[in-house]
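Notes for the one structure printed next.
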Amino acid sequence: MRIENLPCSHIAFHEIQDFDVQEVVITSSCESTLEQQHYPDSAGGYTLQDPVFQQKRIISWTTSQHILTLTDNSFSSRLTKESLRLKFESGVIVPSISISETAFCISVLVATVSTAYRLRFPIENGSGSSFFHNWDSCLNVTQFQFNLSKANILAVSSSLFNDANIFTVCFNNGIISLISMKEFDSSIQVLQHGGKWWQNVLPSSFYRQSNVCPEASSALTMFPFGRDLLISVVCNNNQLRIFSYTSRMRVIQTDLLTYLPGHSFLSDQPANCRKIHVESNCSSETPYFGVFLSIADVSTFIVLQPCQDSRTTQFSLLPVANLSCSDVDTVIDFALDSSLLIAIIEDSQGNASVQYSSFNSSTGWCKCLLLKPPTLPELHASMDPRQTFLNMIFSGEFTTSQILRVLEEYNSTSSSSEKLRSRVVNAIEARIRSSMVDYDVRQEQYYNGLLENWQYFYSALQKERYADQKAIGIFLSSSNIFIRHHASVSYLVESDVSKAAMDCNDTSLVFRGFLPEDDCDDIELLMSALREVNTSLDASQLEDIQRVLFLSGDFDAVIDSICNDLNSDDDYKDCAFRLHTIFSNVTNLYQTVSLLLNIFKLDYLDESYNDCSITDLSFSMIGDSISNEFLYSIIMNLRYLSSSRMMFFIQFSIVLRFNLRYQDDVISDNELHNLYAEVCVLLRYYFLVSWLCNAFDPEELHSSVTAPDFRKSILGVFVSDHITNLVCKYISSQNSTESSDIATFVQNLSYLILHSMFPLHSSSIQLDKYILENFSSCRTIDYARIVSWCNSKISSLSYIKANAMLAMEEAEKACDILLNLDINESLMIYIDTVDEFSVAFFSQAILLFEDKDYVVHTLKILQNAIHYFPEDHQCIPNFRTKLFVAYLKLADYHSACNAISANPKHITSNVHLLVVNLHDTGNLHLLRTLPIAEISDQILAVLEMKASQKSLSIPYNEALCSFHINKGNYRRAASTMYAYAQRLAGAPGSENILRNVRAFSIVLNCLRQCKPENSWILVHIKDPEIKNKQKRLVIQLEDVERDYFVAQCRLKYSNIVYPNTPDVMCPFIDQCTMLTFLCKHGFFDDALILSDMFHLDQREVFEAIAARCIELDDESWLELNEIPRFCMLLPSTERKWAMLNTYLAPSSSYSKLDNFRTVLSFILSKNLKPPQSFIDLYCSLNKVDVIHCYTKHGWLKEATELAIQYLNKVNGIGLSLKADELESTVTETLLCRNPQLYVPYDLFEHILSAFERSEGKKDKLILCKSTL
């Protein structure tokens, strides 16, 4: 990475979340007695050199008092549980951590104020897990306790040398101890602790019991030098001493002040800060090391290079650089490259930055700002504080951990599974309610309270973010510069040309390799114009520009307004004058602008990337999937590039527009407008990329329990899913040395992504389809609106906008968009087809509305499609069929029939659909009114097919019957319904029995329309004698009537026996059982008809009627039968007998002697006297039979009365006699002889015999016997 004398930027690639960190406590056998010691927070890192990891694995660390946090970051694979937080019980950690590696493990050397530790984590190749994944089962800890009886620790350094981990510990009494821990076992050896090694080093003052010895070390480090290990010590008296580990001797001693010319007066001044860093020089075995001294008002970095004479083996120091910095700034950490010193410096206002300078630079320090102190944004009166701050809180800038830490202050009781956005809103609103005790709060008071509470929450979030993002360490890896923050890791990257040109005064350095040297002067003038505009623009103007870009408004009007302010406003008078001066000094403005634009043009791609294929290329170079760090780096780099270039082209567009409006230039208007148009296109594109990097799907944003992550932005998700082919292609085209530079790799890949996404490029990667398929409708509409400037994508954008409108139930708008759409090849990404594209497009558009069941709009698209193609086109029949189906859904059957007639190719299937639809909607009866003359034969065929199937649905058969009736074919209609009635005969459920009754009724009506000699039908039934053979049977009208009546009886049976169970199978019962059922339930009319119809014995019927008549309170059966009108006028007690008399009346077919005898016998058997009306009716038929029946059942008095009446009638005597007159009356009547009349003498004898047998003999009828 080439950053010497050039601006650079930092890109974050990992954010550490509190809930992702594993925690472990490292116990100790002793407790520290030096708890009062305090060390500043420190950080660093280490890059694994093992070839397995391809230099894409980084372990970074931070220390804070007792806590050591280790983080494993990989650019080659996704890791799990990558962070480990260790708490040391033995005391505060001395800020010097060393990490080394072997083929089997990672060793971390840590020293607290009382104990030295070696933590070993095994390396599991190919596991895809972090080194710290299984720390509880594989962590190996070796510790050594210091002897602290007489001294405190000032500094510690550790290193790996000759398969041993070496700790160098400096105490405040001047003693230096070296502890060795063997790499392959747990043995510990104290190599030196004072002794003769130090006698040539430390003066006699070492033995004085002072608090801090002047010669004691305040900073030290160890670094390899050839085959030796050198220990460099900076003492409190500014002496630099270097010792050899192998020879145990001091090899160099010098005063650091000698490297500060003209500063001899500083020898008596105490040093405020000493830091020593060493970085090996990759080009040789001789390292550099640097010391930072801050004495009085002098702050300087001294870079030295140790050398050894090959003949005398004497060591010496070669001064390399002396770099001064501001004495009011605080140096947090620094590192050395082969020719560069990089430092993290914080100024007095809290602005942290990375400053760097080459050893021989004459231009001074270059600065990269890391973090500014937090400030609250200004809100306009029209802005809603709640929504404004919510948008800023959940913009991706704040992590979930930071939000949760602030929520803890609010004592939020919400569940951790609750949406994070809701938790924030509820916590702040609860605080607002608690702060407003009074119920009567004015609008202004509520607004101020709302604003104050939201500002407080946002301010607390900013402080948390500022603390997490504070840089505390810097470390180098190959050509990469990494910065370790409290809760994140970032790296430096060379600034984009757009930003570098704005920040660097020497434009020739920025555009070196891009532009001819002869044009640099004009380029510098043009860049100075851009800087003038940059300093003049305020936040509100930038906000207006971005708003009009987002809304695709009148961009030129906004730019014109800004140019007008620059040219006429007194506040910008100097700026306008300088712009006019600059334009007048530019030699060739058109050529200068053209050259500058050529650097940023995106309408080309390298040919090596054009044949990228996701299916053919693997991602083997960086793993099976993009790692979190790698993806985060790309997205953050794209955010940086897009925002930088967007700002650059905003200023560029203003400059060109200003020249166009107010400068008399030799460039023609047309040429200038072309240049301005190109700038606007690039500006709109980079605004689009910036929006994609920062826009999240609102549905996920509102429903997530975590804060938004830029990897989940629209572009983040798209990159994760679709840029794998470009990554593979890029990696495969790089050599190993270039691919090891992570910063360059990510930056070049980001440029490639920017190029590949440029909408005007012919083979650009299309975002349209991906956004349409994966994100919400509102985001899709926003995207389509922002990219509306791209004329080549108008059709594509309109298509996705129509889809989004449809998803938002704006079907009318979606339909209008599609109807006015220009069908071209830009729509092919949405339609996967091998057929004609325009046909596939219309099919897809129709499907969109069909899926949402928008039938009216489907009709519009279909009608448009039919008019779009010629009538003989192969797609027309299919579209007409869809048109017909749409009419069916709208129940527009007239139009549907017309559509069938216009589509003869599919007439059969369409007619079938029509009939089925009419049946399913219960509208088959409409066939009589539809224009079906041209398709009547097809409809008849469909109806016959449906009716012939073993279907129990009555509409098909009724429709077919109606069809025949309309044509006057009554017998065929009757045959249709009779066949249907036969199928229903054995169907379960009262509903099917009711259909059966209805079907027979229709058959009867049809046959009755025929002449009597033609009132028959021919049916086919199975031949019981021959298998699988049918025979024909003639069915007369009488047969149908009988079947109809039986069906009615079955319906009554089903309704009574199986009530409320319409699906239960009703068995087909015989006539006798049915007769019994009808009698039991009082259906006597039907029972008598059934008995007559099938010649059944009617005694059961009349016994049932008699039983109902003698029951006093049972009159319910009367309602089930047809009651004569005169019966209705009778009292309730006589109504039943009148009904019985009606059945037995002489005019009735049931007036038979057997029926009378049955009724009278049943009544007399119950020892009840029948009513006189019944006896009179019976006697009118056969009085002798009545007398016989009375006599049979022992009713002698009634029998005698009837007998005397009979004899009186025989003799012509119509007297009404009393019982005591019977003897003389009988004697008298017998005197008259009429031999032509039948006199049942045997019956009389039987009566007289019965009197003789009767007890008491009170009767005087004995005389009858002698008389007879």
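Quick note on naming: the chains in the structure tokens go A, B, ... in the order shown, residues restart at 1 in each chain, and ligands are numbered from 1 in order of appearance.
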What are the DSSP strand (DSSP E or B) residues of segment 442-574 of chain A, as a compact mmCIF listing (two decimals) with N, CA, C and O atoms, in the first residue's frame?
# COMPACT_ATOMS: atom_id res chain seq x y z
N ALA A 471 -9.14 4.79 19.42
CA ALA A 471 -7.98 3.99 19.03
C ALA A 471 -6.97 3.92 20.17
O ALA A 471 -6.61 4.94 20.76
N ILE A 472 -6.49 2.72 20.48
CA ILE A 472 -5.54 2.54 21.58
C ILE A 472 -4.30 1.78 21.15
O ILE A 472 -3.41 1.55 21.97
N GLY A 473 -4.24 1.34 19.91
CA GLY A 473 -3.06 0.62 19.47
C GLY A 473 -2.97 0.53 17.97
O GLY A 473 -3.98 0.63 17.27
N ILE A 474 -1.76 0.34 17.51
CA ILE A 474 -1.51 0.21 16.07
C ILE A 474 -0.48 -0.88 15.85
O ILE A 474 0.45 -1.05 16.65
N PHE A 475 -0.66 -1.68 14.81
CA PHE A 475 0.31 -2.72 14.51
C PHE A 475 0.32 -2.94 13.01
O PHE A 475 -0.63 -2.61 12.30
N LEU A 476 1.43 -3.48 12.53
CA LEU A 476 1.65 -3.66 11.11
C LEU A 476 1.66 -5.14 10.78
O LEU A 476 2.04 -5.98 11.59
N SER A 477 1.25 -5.43 9.56
CA SER A 477 1.29 -6.79 9.06
C SER A 477 1.61 -6.72 7.58
O SER A 477 0.80 -6.22 6.80
N ASN A 480 0.25 -3.94 5.50
CA ASN A 480 -1.01 -3.45 6.04
C ASN A 480 -0.79 -2.78 7.38
O ASN A 480 0.03 -3.22 8.19
N ILE A 481 -1.56 -1.71 7.61
CA ILE A 481 -1.51 -0.97 8.87
C ILE A 481 -2.85 -1.14 9.56
O ILE A 481 -3.88 -0.69 9.05
N PHE A 482 -2.84 -1.80 10.71
CA PHE A 482 -4.07 -2.09 11.44
C PHE A 482 -4.15 -1.20 12.67
O PHE A 482 -3.13 -0.92 13.32
N ILE A 483 -5.37 -0.79 12.99
CA ILE A 483 -5.61 0.05 14.17
C ILE A 483 -6.59 -0.71 15.06
O ILE A 483 -7.64 -1.15 14.61
N ARG A 484 -6.20 -0.86 16.33
CA ARG A 484 -7.07 -1.55 17.29
C ARG A 484 -7.76 -0.52 18.16
O ARG A 484 -7.14 0.31 18.82
N HIS A 485 -9.09 -0.54 18.09
CA HIS A 485 -9.93 0.32 18.93
C HIS A 485 -10.41 -0.50 20.12
O HIS A 485 -10.19 -1.70 20.21
N SER A 488 -13.37 -2.46 18.18
CA SER A 488 -13.35 -2.71 16.74
C SER A 488 -11.91 -2.75 16.25
O SER A 488 -10.98 -2.38 16.98
N VAL A 489 -11.77 -3.19 15.02
CA VAL A 489 -10.46 -3.24 14.35
C VAL A 489 -10.64 -2.61 12.98
O VAL A 489 -11.64 -2.85 12.30
N SER A 490 -9.67 -1.81 12.58
CA SER A 490 -9.73 -1.18 11.26
C SER A 490 -8.33 -1.21 10.64
O SER A 490 -7.36 -1.61 11.28
N TYR A 491 -8.25 -0.78 9.41
CA TYR A 491 -6.96 -0.71 8.74
C TYR A 491 -6.92 0.55 7.89
O TYR A 491 -7.96 1.12 7.53
N LEU A 492 -5.71 0.97 7.56
CA LEU A 492 -5.53 2.15 6.71
C LEU A 492 -5.51 1.74 5.25
O LEU A 492 -4.99 0.68 4.90
N VAL A 493 -6.11 2.57 4.45
CA VAL A 493 -6.14 2.33 3.03
C VAL A 493 -5.83 3.64 2.33
O VAL A 493 -6.16 4.72 2.82
N GLU A 494 -5.19 3.54 1.21
CA GLU A 494 -4.86 4.73 0.44
C GLU A 494 -6.15 5.44 0.02
O GLU A 494 -7.10 4.81 -0.44
(message) as a PyMOL selection string, please: the residues near Trp61 of chain A (cut-off 12 Å, only C-alpha atoms, same-chain neighbours under 6 positions excluded).
(response) chain A and resi 16+41-47+67-73+82-86+95-99+108-110+472-475+482-489
(request) Provide the atom CA of Arg405 of chain A to atom CA of Leu420 of chain A distance in Å, to one decimal place. (result)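 These two atoms are separated by 12.4 Å.
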(request) Would you kindly return, as a VMD selection string, each protein, DNA or RNA residue with an atom no farther than 9 Å from any atom of segment 447-456 of chain A, considering only C-alpha atoms and excluding same-chain residues fewer than 4 positions away? (result) chain A and resid 376 to 377 384 to 386 389 to 390 428 to 429 431 to 432 435 to 436 442 to 443 460 to 461
Please dump the current selection as an mmCIF file, in the first residue's frame; keep N, CA, C and O atoms.
data_model
loop_
_atom_site.group_PDB
_atom_site.id
_atom_site.type_symbol
_atom_site.label_atom_id
_atom_site.label_comp_id
_atom_site.auth_asym_id
_atom_site.auth_seq_id
_atom_site.Cartn_x
_atom_site.Cartn_y
_atom_site.Cartn_z
ATOM 1 N N LEU A 376 -24.237 16.898 18.922
ATOM 2 C CA LEU A 376 -25.657 16.663 18.637
ATOM 3 C C LEU A 376 -26.053 17.328 17.325
ATOM 4 O O LEU A 376 -25.619 18.442 17.035
ATOM 5 N N PRO A 377 -26.865 16.662 16.531
ATOM 6 C CA PRO A 377 -27.317 17.277 15.267
ATOM 7 C C PRO A 377 -28.355 18.363 15.542
ATOM 8 O O PRO A 377 -29.044 18.358 16.560
ATOM 9 N N ASP A 384 -39.757 15.794 13.241
ATOM 10 C CA ASP A 384 -40.246 15.048 14.392
ATOM 11 C C ASP A 384 -39.048 14.465 15.138
ATOM 12 O O ASP A 384 -38.315 13.643 14.576
ATOM 13 N N PRO A 385 -38.820 14.870 16.403
ATOM 14 C CA PRO A 385 -37.643 14.371 17.124
ATOM 15 C C PRO A 385 -37.615 12.851 17.222
ATOM 16 O O PRO A 385 -36.557 12.233 17.055
ATOM 17 N N ARG A 386 -38.756 12.269 17.484
ATOM 18 C CA ARG A 386 -38.794 10.820 17.670
ATOM 19 C C ARG A 386 -38.338 10.095 16.410
ATOM 20 O O ARG A 386 -37.444 9.241 16.459
ATOM 21 N N PHE A 389 -34.493 10.970 15.421
ATOM 22 C CA PHE A 389 -33.480 10.295 16.218
ATOM 23 C C PHE A 389 -33.535 8.780 16.036
ATOM 24 O O PHE A 389 -32.496 8.115 16.078
ATOM 25 N N LEU A 390 -34.727 8.235 15.844
ATOM 26 C CA LEU A 390 -34.804 6.798 15.571
ATOM 27 C C LEU A 390 -34.065 6.440 14.289
ATOM 28 O O LEU A 390 -33.359 5.426 14.226
ATOM 29 N N ILE A 428 -37.744 5.367 26.319
ATOM 30 C CA ILE A 428 -37.729 6.831 26.284
ATOM 31 C C ILE A 428 -39.116 7.390 26.592
ATOM 32 O O ILE A 428 -39.246 8.380 27.328
ATOM 33 N N GLU A 429 -40.155 6.776 26.079
ATOM 34 C CA GLU A 429 -41.495 7.273 26.364
ATOM 35 C C GLU A 429 -41.847 7.103 27.840
ATOM 36 O O GLU A 429 -42.556 7.934 28.419
ATOM 37 N N ARG A 431 -39.676 7.350 30.243
ATOM 38 C CA ARG A 431 -38.952 8.437 30.889
ATOM 39 C C ARG A 431 -39.689 9.774 30.684
ATOM 40 O O ARG A 431 -39.745 10.604 31.592
ATOM 41 N N ILE A 432 -40.254 9.967 29.504
ATOM 42 C CA ILE A 432 -40.997 11.210 29.236
ATOM 43 C C ILE A 432 -42.230 11.283 30.130
ATOM 44 O O ILE A 432 -42.531 12.329 30.715
ATOM 45 N N SER A 435 -41.385 12.149 33.669
ATOM 46 C CA SER A 435 -40.906 13.516 33.877
ATOM 47 C C SER A 435 -42.034 14.538 33.809
ATOM 48 O O SER A 435 -41.875 15.673 34.257
ATOM 49 N N MET A 436 -43.162 14.161 33.260
ATOM 50 C CA MET A 436 -44.303 15.076 33.145
ATOM 51 C C MET A 436 -45.380 14.632 34.119
ATOM 52 O O MET A 436 -46.237 13.803 33.805
ATOM 53 N N ARG A 442 -48.849 21.521 27.918
ATOM 54 C CA ARG A 442 -49.011 22.227 26.657
ATOM 55 C C ARG A 442 -48.192 21.553 25.560
ATOM 56 O O ARG A 442 -47.254 20.803 25.829
ATOM 57 N N GLN A 443 -48.582 21.866 24.348
ATOM 58 C CA GLN A 443 -47.906 21.253 23.203
ATOM 59 C C GLN A 443 -46.419 21.588 23.194
ATOM 60 O O GLN A 443 -45.574 20.736 22.929
ATOM 61 N N ALA A 460 -25.963 9.902 24.844
ATOM 62 C CA ALA A 460 -25.367 8.771 25.554
ATOM 63 C C ALA A 460 -24.859 7.716 24.579
ATOM 64 O O ALA A 460 -23.798 7.114 24.788
ATOM 65 N N LEU A 461 -25.607 7.508 23.492
ATOM 66 C CA LEU A 461 -25.150 6.564 22.473
ATOM 67 C C LEU A 461 -23.858 7.032 21.818
ATOM 68 O O LEU A 461 -22.941 6.243 21.570
#
